[in-house]
>>> print(open('structure-v2.cif').read())   # mmCIF, C-alpha atoms
data_target
#
loop_
_atom_site.label_atom_id
_atom_site.label_comp_id
_atom_site.auth_asym_id
_atom_site.auth_seq_id
_atom_site.Cartn_x
_atom_site.Cartn_y
_atom_site.Cartn_z
CA MET A 13 -15.27 11.67 28.55
CA THR A 14 -14.72 7.94 28.67
CA ASP A 15 -16.32 6.83 25.39
CA VAL A 16 -13.17 5.18 24.01
CA ARG A 17 -13.46 3.36 20.66
CA ARG A 18 -10.80 0.94 19.40
CA TRP A 19 -10.22 0.17 15.75
CA ASP A 20 -7.90 -2.41 14.21
CA VAL A 21 -6.56 -1.47 10.76
CA PRO A 22 -4.37 -3.74 8.61
CA GLY A 23 -1.42 -2.95 6.42
CA ARG A 24 -1.41 -4.31 2.90
CA VAL A 25 0.78 -5.88 0.29
CA ASN A 26 0.01 -5.58 -3.39
CA LEU A 27 0.09 -9.00 -5.01
CA ILE A 28 0.28 -7.59 -8.54
CA GLY A 29 -0.60 -4.43 -10.47
CA GLU A 30 2.07 -2.00 -9.32
CA HIS A 31 1.66 1.65 -10.33
CA LEU A 32 -1.60 0.88 -12.13
CA ASP A 33 -3.95 2.53 -9.64
CA TYR A 34 -3.32 5.97 -11.11
CA ASN A 35 -3.19 4.63 -14.69
CA GLY A 36 -6.67 3.10 -14.87
CA GLY A 37 -5.49 -0.49 -14.66
CA PRO A 38 -6.58 -3.39 -12.44
CA VAL A 39 -4.80 -3.97 -9.13
CA LEU A 40 -4.84 -6.91 -6.73
CA PRO A 41 -3.79 -5.99 -3.18
CA MET A 42 -4.64 -7.80 0.04
CA ALA A 43 -4.90 -6.63 3.62
CA ILE A 44 -2.41 -8.47 5.85
CA ASP A 45 -2.24 -9.70 9.42
CA ARG A 46 0.09 -6.87 10.46
CA SER A 47 -2.03 -4.02 11.74
CA LEU A 48 -2.22 -0.89 13.83
CA THR A 49 -4.68 -0.04 16.58
CA ILE A 50 -6.41 3.31 16.82
CA LYS A 51 -7.91 4.28 20.17
CA VAL A 52 -10.01 7.43 20.15
CA ARG A 53 -12.22 9.33 22.57
CA PRO A 54 -14.07 12.62 22.09
CA ARG A 55 -13.10 16.07 23.36
CA ASP A 56 -15.15 19.26 23.36
CA ASP A 57 -12.42 21.91 23.14
CA GLU A 58 -11.50 21.85 19.41
CA THR A 59 -8.22 20.14 20.28
CA VAL A 60 -6.67 16.91 18.97
CA ASN A 61 -4.09 15.17 21.16
CA LEU A 62 -2.07 12.45 19.49
CA TRP A 63 0.11 9.76 21.06
CA SER A 64 2.00 6.90 19.38
CA ASP A 65 4.26 4.00 20.27
CA LEU A 66 6.45 4.77 17.27
CA PRO A 67 10.12 5.10 18.30
CA GLY A 68 11.00 8.65 19.28
CA SER A 69 7.48 9.97 18.94
CA ALA A 70 6.22 12.46 21.50
CA LYS A 71 2.72 13.73 22.19
CA VAL A 72 1.49 16.05 19.43
CA THR A 73 -1.31 18.57 19.90
CA PHE A 74 -3.08 20.61 17.23
CA GLY A 75 -6.45 22.25 16.71
CA THR A 76 -9.33 20.87 14.68
CA GLY A 77 -8.75 23.80 12.33
CA VAL A 78 -5.25 22.54 11.46
CA GLN A 79 -3.94 23.59 8.05
CA PRO A 80 -1.21 22.24 5.72
CA GLY A 81 2.20 23.17 7.08
CA ASP A 82 1.09 23.37 10.72
CA VAL A 83 2.32 19.86 11.62
CA ASP A 84 5.36 17.85 10.53
CA GLY A 85 6.83 14.41 11.15
CA TRP A 86 4.71 11.27 11.38
CA ALA A 87 1.79 13.26 12.86
CA VAL A 88 1.26 15.01 9.51
CA TYR A 89 -0.84 12.02 8.38
CA ALA A 90 -3.14 12.26 11.39
CA ALA A 91 -3.41 16.04 11.02
CA GLY A 92 -4.11 15.55 7.32
CA ILE A 93 -7.13 13.35 7.92
CA VAL A 94 -8.52 15.79 10.49
CA TRP A 95 -8.09 18.59 7.94
CA SER A 96 -9.65 16.45 5.18
CA LEU A 97 -12.71 15.61 7.29
CA MET A 98 -13.22 19.18 8.52
CA SER A 99 -12.75 20.77 5.11
CA ALA A 100 -15.34 18.37 3.66
CA GLY A 101 -17.87 19.57 6.22
CA HIS A 102 -17.55 16.66 8.64
CA ARG A 103 -16.97 18.78 11.70
CA PHE A 104 -16.25 17.54 15.22
CA GLU A 105 -15.16 19.09 18.50
CA GLY A 106 -11.84 17.33 19.09
CA ALA A 107 -10.40 13.95 20.07
CA ASP A 108 -7.68 12.13 21.96
CA ILE A 109 -6.05 9.57 19.64
CA VAL A 110 -3.59 6.81 20.51
CA VAL A 111 -1.83 4.87 17.73
CA GLU A 112 -0.16 1.51 18.37
CA SER A 113 1.44 -0.01 15.27
CA ARG A 114 2.60 -3.47 14.32
CA ILE A 115 3.11 -2.52 10.67
CA PRO A 116 6.77 -1.98 9.72
CA SER A 117 7.10 1.76 9.03
CA GLY A 118 8.44 2.74 5.62
CA ALA A 119 8.24 -0.86 4.41
CA GLY A 120 5.79 -0.30 1.57
CA MET A 121 2.98 -1.98 3.53
CA SER A 122 0.74 1.08 3.66
CA SER A 123 1.30 2.14 7.23
CA SER A 124 0.29 5.67 6.16
CA ALA A 125 -2.98 4.49 4.56
CA ALA A 126 -3.73 2.38 7.64
CA LEU A 127 -3.14 5.44 9.83
CA THR A 128 -5.28 7.85 7.82
CA CYS A 129 -8.06 5.34 7.13
CA GLY A 130 -8.01 4.13 10.71
CA ILE A 131 -8.37 7.61 12.18
CA ALA A 132 -11.05 8.46 9.62
CA SER A 133 -12.98 5.28 10.47
CA ALA A 134 -12.65 5.87 14.22
CA LEU A 135 -13.77 9.50 14.00
CA ASP A 136 -16.66 8.54 11.71
CA ASP A 137 -17.72 5.93 14.26
CA LEU A 138 -17.26 8.33 17.17
CA THR A 139 -19.24 11.19 15.65
CA GLY A 140 -21.80 9.36 13.52
CA PHE A 141 -20.89 10.95 10.18
CA GLY A 142 -22.28 7.85 8.43
CA LEU A 143 -19.57 7.69 5.76
CA ASP A 144 -19.12 4.51 3.73
CA ARG A 145 -15.75 2.86 3.14
CA THR A 146 -15.21 4.41 -0.28
CA GLU A 147 -15.96 7.89 1.06
CA LEU A 148 -13.46 7.29 3.88
CA ALA A 149 -10.87 6.11 1.33
CA LEU A 150 -11.33 9.26 -0.76
CA LEU A 151 -10.95 11.50 2.31
CA ALA A 152 -7.78 9.64 3.31
CA GLN A 153 -6.39 9.96 -0.22
CA ARG A 154 -7.06 13.71 -0.16
CA ALA A 155 -5.18 13.97 3.14
CA GLU A 156 -2.08 12.44 1.53
CA HIS A 157 -2.46 14.41 -1.72
CA ASP A 158 -3.17 17.89 -0.43
CA PHE A 159 -1.88 17.92 3.14
CA VAL A 160 1.12 15.54 3.15
CA GLY A 161 2.10 16.20 -0.48
CA ALA A 162 2.26 12.58 -1.69
CA PRO A 163 0.15 12.09 -4.87
CA VAL A 164 -0.87 8.51 -4.09
CA GLY A 165 -3.49 6.47 -5.90
CA LEU A 166 -6.51 4.98 -4.15
CA MET A 167 -5.41 1.34 -3.98
CA ASP A 168 -3.90 1.39 -0.49
CA GLN A 169 -6.87 3.06 1.16
CA LEU A 170 -9.39 0.74 -0.46
CA ALA A 171 -7.27 -2.31 0.39
CA VAL A 172 -7.09 -1.55 4.11
CA LEU A 173 -10.81 -0.73 4.25
CA TYR A 174 -12.26 -3.48 2.01
CA GLY A 175 -9.89 -6.35 2.88
CA GLU A 176 -11.34 -9.69 3.94
CA ALA A 177 -9.73 -12.66 5.66
CA GLY A 178 -8.78 -15.29 3.10
CA HIS A 179 -9.23 -12.91 0.16
CA ALA A 180 -7.42 -10.40 -2.00
CA VAL A 181 -9.26 -7.35 -3.37
CA LEU A 182 -9.46 -6.88 -7.14
CA MET A 183 -9.99 -3.25 -8.10
CA ASP A 184 -10.89 -1.62 -11.38
CA THR A 185 -9.24 1.79 -11.09
CA ALA A 186 -10.62 3.05 -14.42
CA GLN A 187 -13.95 3.51 -12.63
CA SER A 188 -14.51 6.58 -10.49
CA PRO A 189 -14.46 5.69 -7.68
CA PRO A 190 -12.77 2.33 -8.30
CA THR A 191 -14.93 -0.76 -7.96
CA THR A 192 -13.86 -3.66 -5.75
CA GLU A 193 -14.49 -7.39 -5.62
CA THR A 194 -12.93 -10.04 -3.40
CA VAL A 195 -10.87 -12.92 -4.79
CA PRO A 196 -10.35 -16.03 -2.62
CA VAL A 197 -6.68 -16.92 -2.16
CA THR A 198 -6.06 -20.53 -1.18
CA TRP A 199 -2.32 -21.09 -1.52
CA GLU A 200 -2.01 -22.05 2.14
CA ASP A 201 -4.35 -25.01 1.51
CA ASP A 202 -1.77 -26.26 -1.02
CA GLY A 203 1.27 -25.84 1.21
CA VAL A 204 2.39 -22.47 -0.16
CA ALA A 205 3.09 -19.32 1.86
CA LEU A 206 3.37 -15.66 0.97
CA VAL A 207 6.57 -14.32 2.52
CA ALA A 208 7.22 -10.61 3.03
CA ILE A 209 10.79 -9.31 3.03
CA ASN A 210 11.15 -5.89 4.62
CA THR A 211 14.43 -4.65 3.16
CA ARG A 212 14.63 -1.80 5.71
CA ALA A 213 15.79 0.39 2.84
CA HIS A 214 14.54 3.97 2.76
CA HIS A 215 10.99 4.29 1.51
CA SER A 216 9.17 7.57 1.05
CA LEU A 217 6.70 8.41 -1.69
CA ALA A 218 6.93 12.12 -0.90
CA ASP A 219 10.52 12.37 -2.14
CA GLY A 220 9.60 13.17 -5.72
CA GLU A 221 10.30 9.99 -7.69
CA TYR A 222 6.76 8.68 -7.26
CA ALA A 223 5.35 12.00 -8.43
CA ALA A 224 7.73 11.93 -11.40
CA ARG A 225 6.41 8.53 -12.50
CA ARG A 226 2.84 9.80 -12.34
CA THR A 227 3.75 12.80 -14.46
CA GLU A 228 5.50 10.61 -17.04
CA CYS A 229 2.47 8.34 -17.31
CA GLU A 230 0.17 11.33 -17.72
CA GLN A 231 2.42 12.67 -20.50
CA ALA A 232 2.36 9.31 -22.28
CA ALA A 233 -1.44 9.05 -22.02
CA ALA A 234 -1.82 12.58 -23.38
CA GLU A 235 0.44 11.83 -26.35
CA LEU A 236 -1.51 8.65 -27.09
CA GLY A 237 -4.87 10.40 -26.75
CA VAL A 238 -6.25 8.13 -24.01
CA THR A 239 -7.77 9.00 -20.65
CA TRP A 240 -5.89 6.23 -18.85
CA LEU A 241 -2.54 4.87 -19.96
CA ALA A 242 -3.78 1.31 -19.26
CA GLU A 243 -6.35 1.81 -22.04
CA ALA A 244 -3.68 2.09 -24.73
CA THR A 245 -3.21 -0.74 -27.21
CA LEU A 246 -0.20 -3.02 -26.95
CA ASP A 247 1.47 -1.39 -29.94
CA ALA A 248 1.17 2.06 -28.35
CA THR A 249 4.86 2.34 -27.64
CA ILE A 250 5.54 2.54 -31.39
CA ALA A 251 3.76 5.91 -31.45
CA LEU A 252 5.92 7.35 -28.68
CA THR A 253 9.28 8.91 -29.49
CA ASP A 254 10.60 9.46 -25.98
CA GLU A 255 12.35 6.32 -24.74
CA THR A 256 11.46 6.94 -21.11
CA LEU A 257 7.77 7.30 -21.90
CA LYS A 258 7.97 4.14 -24.03
CA ALA A 259 9.39 2.22 -21.10
CA ARG A 260 6.80 3.53 -18.64
CA THR A 261 4.00 2.65 -21.06
CA ARG A 262 5.42 -0.82 -21.67
CA HIS A 263 5.32 -1.52 -17.94
CA VAL A 264 1.74 -0.30 -17.56
CA LEU A 265 0.47 -2.41 -20.46
CA THR A 266 2.32 -5.59 -19.56
CA GLU A 267 1.48 -5.23 -15.86
CA THR A 268 -2.20 -4.91 -16.77
CA ALA A 269 -1.95 -8.24 -18.60
CA ARG A 270 -0.11 -9.76 -15.63
CA VAL A 271 -2.92 -8.83 -13.23
CA ARG A 272 -5.43 -10.67 -15.39
CA GLY A 273 -3.09 -13.65 -15.64
CA ALA A 274 -2.59 -13.64 -11.87
CA VAL A 275 -6.33 -13.66 -11.15
CA SER A 276 -6.69 -16.62 -13.52
CA ALA A 277 -3.77 -18.47 -11.91
CA ILE A 278 -5.19 -17.90 -8.43
CA GLY A 279 -8.57 -19.22 -9.52
CA ARG A 280 -6.94 -22.36 -10.95
CA ARG A 281 -4.56 -22.71 -7.95
CA ALA A 282 -1.70 -22.62 -10.46
CA TRP A 283 0.93 -21.43 -7.98
CA PRO A 284 4.04 -21.95 -10.14
CA GLN A 285 2.40 -19.83 -12.84
CA LEU A 286 1.54 -17.14 -10.31
CA GLY A 287 5.17 -17.18 -9.16
CA THR A 288 6.37 -16.69 -12.73
CA ILE A 289 4.04 -13.71 -13.06
CA PHE A 290 5.43 -12.20 -9.85
CA THR A 291 9.01 -12.46 -11.11
CA ALA A 292 8.13 -10.97 -14.50
CA SER A 293 6.46 -8.06 -12.72
CA HIS A 294 9.61 -7.34 -10.75
CA ALA A 295 11.74 -7.31 -13.90
CA SER A 296 9.35 -4.80 -15.47
CA LEU A 297 9.36 -2.57 -12.39
CA ARG A 298 13.16 -2.73 -12.26
CA ASP A 299 13.90 -2.16 -15.95
CA ASP A 300 10.95 -0.31 -17.51
CA PHE A 301 9.50 1.62 -14.58
CA GLN A 302 12.82 1.99 -12.72
CA VAL A 303 11.41 2.00 -9.20
CA SER A 304 13.46 -0.84 -7.71
CA CYS A 305 16.73 -0.57 -5.79
CA PRO A 306 19.67 -2.91 -5.01
CA GLU A 307 18.10 -4.09 -1.73
CA LEU A 308 14.89 -5.10 -3.48
CA ASP A 309 16.70 -6.76 -6.38
CA VAL A 310 18.87 -8.82 -4.05
CA ALA A 311 15.83 -9.83 -1.97
CA VAL A 312 14.07 -11.11 -5.10
CA GLU A 313 17.17 -12.89 -6.44
CA ALA A 314 17.92 -14.53 -3.08
CA ALA A 315 14.32 -15.66 -2.60
CA LEU A 316 14.41 -17.36 -6.00
CA GLU A 317 17.75 -18.96 -5.15
CA GLY A 318 16.23 -20.25 -1.92
CA GLY A 319 13.38 -22.00 -3.71
CA ALA A 320 10.62 -19.41 -4.10
CA LEU A 321 8.17 -19.97 -6.95
CA GLY A 322 8.39 -16.27 -7.72
CA ALA A 323 9.15 -12.93 -6.09
CA ARG A 324 8.66 -9.24 -6.70
CA MET A 325 8.92 -5.86 -5.05
CA THR A 326 5.62 -4.62 -3.66
CA GLY A 327 4.48 -1.06 -3.10
CA GLY A 328 5.66 2.15 -4.67
CA GLY A 329 9.31 1.12 -4.75
CA PHE A 330 12.60 2.91 -4.01
CA GLY A 331 12.94 0.65 -0.97
CA GLY A 332 10.32 -1.01 1.17
CA SER A 333 9.45 -4.67 0.77
CA ALA A 334 9.40 -7.62 -1.57
CA ILE A 335 7.03 -10.58 -1.50
CA ALA A 336 7.79 -14.17 -2.43
CA LEU A 337 5.50 -17.13 -3.09
CA VAL A 338 7.22 -20.00 -1.33
CA PRO A 339 6.46 -23.69 -0.68
CA VAL A 340 6.15 -24.00 3.08
CA GLU A 341 9.09 -26.40 3.30
CA ARG A 342 11.33 -23.79 1.61
CA VAL A 343 10.44 -20.80 3.81
CA ALA A 344 13.42 -21.33 6.14
CA ALA A 345 15.78 -21.74 3.18
CA VAL A 346 14.50 -18.52 1.61
CA ARG A 347 14.99 -16.67 4.89
CA GLU A 348 18.52 -17.99 5.29
CA ARG A 349 19.46 -17.16 1.72
CA VAL A 350 18.15 -13.60 1.87
CA GLU A 351 19.83 -12.96 5.22
CA ALA A 352 23.13 -14.36 3.91
CA ARG A 353 23.04 -12.18 0.78
CA TYR A 354 22.31 -9.10 2.91
CA ALA A 355 25.10 -9.93 5.34
CA ALA A 356 27.52 -10.28 2.42
CA GLN A 357 26.58 -6.74 1.34
CA GLN A 358 26.88 -5.49 4.93
CA TRP A 359 23.30 -4.24 4.80
CA ARG A 360 20.93 -4.12 7.74
CA GLU A 361 19.36 -7.49 8.48
CA PRO A 362 16.01 -7.72 6.68
CA GLU A 363 12.78 -8.55 8.47
CA ILE A 364 11.23 -11.69 6.93
CA PHE A 365 7.82 -13.07 7.86
CA VAL A 366 4.81 -14.90 6.43
CA VAL A 367 1.75 -12.73 5.75
CA ARG A 368 -1.86 -13.86 5.48
CA PRO A 369 -4.93 -12.10 4.05
CA ALA A 370 -6.77 -10.31 6.84
CA ALA A 371 -9.93 -8.34 7.53
CA GLY A 372 -10.06 -4.67 6.69
CA ALA A 373 -10.47 -1.83 9.20
CA HIS A 374 -12.97 -2.77 11.88
CA LEU A 375 -14.21 -1.77 15.30
CA VAL A 376 -12.94 -3.98 18.10
CA GLN A 377 -15.85 -4.64 20.45
#
>>> encode(input="structure-v2.cif", output="structure tokens")
Amino acid sequence: MTDVRRWDVPGRVNLIGEHLDYNGGPVLPMAIDRSLTIKVRPRDDETVNLWSDLPGSAKVTFGTGVQPGDVDGWAVYAAGIVWSLMSAGHRFEGADIVVESRIPSGAGMSSSAALTCGIASALDDLTGFGLDRTELALLAQRAEHDFVGAPVGLMDQLAVLYGEAGHAVLMDTAQSPPTTETVPVTWEDDGVALVAINTRAHHSLADGEYAARRTECEQAAAELGVTWLAEATLDATIALTDETLKARTRHVLTETARVRGAVSAIGRRAWPQLGTIFTASHASLRDDFQVSCPELDVAVEAALEGGALGARMTGGGFGGSAIALVPVERVAAVRERVEARYAAQQWREPEIFVVRPAAGAHLVQ
């Protein structure tokens, strides 16, 4: 069986709209030019063999009838998408799968969504299921929800599947499934770069804090009598008595406004304004949503000190990465400043690199 298919699947950063994808708000992620490669070939013995170049990973083998709890470690994501496909009636006879990743793991750049969506896309291509990108995204989300145990929204999956070079993807998550439209991003034409700062701090959405935030937002929406918390009016916090729920609601409402402001700023090429919006978003995530950490806060502060127009954490939080909008001539200064601040704290050296909007998951001919 030599019918090997190769898929390239990007990671993503979220430009703005953090923790809105499960609150019915707009989000603006973009696929990035850090990706993973999925190589897959068919088998006929109801077996899945899985190899990866991830450090310390060994070959993993499981059956196509894999169930939650049968597999652990990084392979749980691959097993989860096999389970999700099979349980939805998309049956196949087995596969050999090789994963080669250039996405920093645990950096909040959706390596897990790239893995699940990439395997789903490759198996769909291999077997001719005929699934569209939204259907693949929903199957990948179910794998993380019900197999891995991480109650993620749908933003990451849609971003890595619908991304386009030179564009971000604006999503309306109040729709079911969310709708998508591309937004051209042209900061590079004006001498501005988007810099990612991988803090190397621990990042796992399955640890409970992410789930706790979702529950708090659901409680606030229920108290306010709205389907989605992002639908509440700006004075909604007055009606809430619990201070934590007030703070969570305040973030959701102000972040919703920031997404709209960011789309406008991008359209007008108003990069200083977009930077200001980034920085305001980080303050809200740090203070009202409480999903930042010292490594992220220092990364944002140091980037601003180095000359960034704005900076914010990106992703679910509790570690991972920050992004900064930086004039090209200040990129080196930002890198030096962040590295110096980390060295002063005796933290691991961060990984700092420019990211560009890239194409979504696609077959490599």
>>> residues_around(input="structure-v2.cif", residues="Thr192 of chain A", least_positions_apart="2", cutoff="10 Å", atoms="all atoms listed in the file", output="list in words")
Pro38, Val39, Leu40, Thr146, Met167, Leu170, Ala171, Tyr174, Gly175, Val181, Leu182, Met183, Asp184, Thr185, Gln187, Pro189, Pro190, Thr194 and Val195 of chain A
>>> write_last_selection(input="structure-v2.cif", atoms="C-alpha atoms", output="JSON list (two decimals), keeping the file's coordinate frame")
[["chain", "number", "residue", "atom", "x", "y", "z"],
["A", 38, "PRO", "CA", -6.58, -3.39, -12.44],
["A", 39, "VAL", "CA", -4.80, -3.97, -9.13],
["A", 40, "LEU", "CA", -4.84, -6.91, -6.73],
["A", 146, "THR", "CA", -15.21, 4.41, -0.28],
["A", 167, "MET", "CA", -5.41, 1.34, -3.98],
["A", 170, "LEU", "CA", -9.39, 0.74, -0.46],
["A", 171, "ALA", "CA", -7.27, -2.31, 0.39],
["A", 174, "TYR", "CA", -12.26, -3.48, 2.01],
["A", 175, "GLY", "CA", -9.89, -6.35, 2.88],
["A", 181, "VAL", "CA", -9.26, -7.35, -3.37],
["A", 182, "LEU", "CA", -9.46, -6.88, -7.14],
["A", 183, "MET", "CA", -9.99, -3.25, -8.10],
["A", 184, "ASP", "CA", -10.89, -1.62, -11.38],
["A", 185, "THR", "CA", -9.24, 1.79, -11.09],
["A", 187, "GLN", "CA", -13.95, 3.51, -12.63],
["A", 189, "PRO", "CA", -14.46, 5.69, -7.68],
["A", 190, "PRO", "CA", -12.77, 2.33, -8.30],
["A", 194, "THR", "CA", -12.93, -10.04, -3.40],
["A", 195, "VAL", "CA", -10.87, -12.92, -4.79]]
>>> resolve_selection(input="structure-v2.cif", expression="the PyMOL selection byres ((chain A and resi 41) around 6)", output="list of chain:residue names")
A:Val25, A:Asn26, A:Leu27, A:Leu40, A:Met42, A:Ala180, A:Val181
>>> resolve_selection(input="structure-v2.cif", expression="the PyMOL selection byres ((chain A and resi 198) around 12)", output="list in words")
Ala177, Gly178, His179, Ala180, Val195, Pro196, Val197, Trp199, Glu200, Asp201, Asp202, Gly203, Val204, Ala205, Leu206, Ala277, Ile278, Gly279, Arg280, Arg281, Ala282, Trp283, Arg368 and Pro369 of chain A
>>> residues_near_point(input="structure-v2.cif", point="(3.0, 25.8, 5.4)", cutoff="12 Å", atoms="only C-alpha atoms", output="list in words")
Val78, Gln79, Pro80, Gly81, Asp82, Val83, Asp84, Val88, Asp158, Phe159, Val160 and Gly161 of chain A
>>> resolve_selection(input="structure-v2.cif", expression="the PyMOL selection byres ((chain A and resi 284) around 10)", output="CSV table (one decimal) with C-alpha atoms, in the coordinates of the input")
chain,number,residue,atom,x,y,z
A,277,ALA,CA,-3.8,-18.5,-11.9
A,281,ARG,CA,-4.6,-22.7,-8.0
A,282,ALA,CA,-1.7,-22.6,-10.5
A,283,TRP,CA,0.9,-21.4,-8.0
A,285,GLN,CA,2.4,-19.8,-12.8
A,286,LEU,CA,1.5,-17.1,-10.3
A,287,GLY,CA,5.2,-17.2,-9.2
A,288,THR,CA,6.4,-16.7,-12.7
A,289,ILE,CA,4.0,-13.7,-13.1
A,290,PHE,CA,5.4,-12.2,-9.8
A,320,ALA,CA,10.6,-19.4,-4.1
A,321,LEU,CA,8.2,-20.0,-7.0
A,322,GLY,CA,8.4,-16.3,-7.7
A,337,LEU,CA,5.5,-17.1,-3.1
A,338,VAL,CA,7.2,-20.0,-1.3
A,339,PRO,CA,6.5,-23.7,-0.7
>>> closest_atom_pairs(input="structure-v2.cif", of="segment 191-243 of chain A", to="segment 298-309 of chain A", cutoff="12 Å", atoms="only C-alpha atoms", output="CSV")
residue,atom,partner,partner_atom,distance
A:Ala208,CA,A:Leu308,CA,11.5
A:Ile209,CA,A:Leu308,CA,8.8
A:Asn210,CA,A:Leu308,CA,9.0
A:Thr211,CA,A:Glu307,CA,6.1
A:Arg212,CA,A:Glu307,CA,8.5
A:Ala213,CA,A:Glu307,CA,6.8
A:His214,CA,A:Glu307,CA,9.9
A:His215,CA,A:Cys305,CA,10.5
A:Ser216,CA,A:Val303,CA,11.9
A:Leu217,CA,A:Val303,CA,10.9
A:Gly220,CA,A:Val303,CA,11.8
A:Glu221,CA,A:Val303,CA,8.2
A:Tyr222,CA,A:Val303,CA,8.4
A:Ala223,CA,A:Val303,CA,11.7
A:Ala224,CA,A:Val303,CA,10.8
A:Arg225,CA,A:Phe301,CA,7.9
A:Arg226,CA,A:Phe301,CA,10.8
A:Glu228,CA,A:Phe301,CA,10.1
A:Cys229,CA,A:Phe301,CA,10.1
>>> residues_around(input="structure-v2.cif", residues="Thr76 of chain A", least_positions_apart="3", cutoff="10 Å", atoms="only C-alpha atoms", output="VMD selection string")
chain A and resid 57 to 60 73 79 91 94 to 95 97 to 98 103 to 107
>>> residues_around(input="structure-v2.cif", residues="Asp168 of chain A", least_positions_apart="4", cutoff="8 Å", atoms="all atoms listed in the file", output="list of chain:residue names")
A:Arg24, A:Pro41, A:Ser122, A:Ala125, A:Val172
>>> atom_distance(input="structure-v2.cif", atom1="atom CA of Val52 of chain A", atom2="atom CA of Ala152 of chain A")
17.1 Å
>>> atom_distance(input="structure-v2.cif", atom1="atom CA of Lys71 of chain A", atom2="atom CA of Ile93 of chain A")
17.3 Å
>>> atom_distance(input="structure-v2.cif", atom1="atom CA of Gly328 of chain A", atom2="atom CA of Thr268 of chain A")
16.1 Å
>>> closest_residue(input="structure-v2.cif", among="A:Ala70, A:Leu173, A:Ala162, A:Val312", to="Asp20 of chain A", atoms="all atoms listed in the file")
A:Leu173
>>> closest_residue(input="structure-v2.cif", among="A:Ala43, A:Ala345, A:Met325, A:Val340", to="Gly372 of chain A", atoms="only C-alpha atoms")
A:Ala43
>>> residues_around(input="structure-v2.cif", residues="Glu317 of chain A", least_positions_apart="2", cutoff="12 Å", atoms="only C-alpha atoms", output="ChimeraX atom specification")
/A:310-315,319-323,336,338,342-343,345-350,352-353
>>> residues_around(input="structure-v2.cif", residues="segment 45-48 of chain A", least_positions_apart="3", cutoff="9 Å", atoms="all atoms listed in the file", output="PyMOL selection string")
chain A and resi 19-24+111-116+121+123+126-127+130+177+367-371
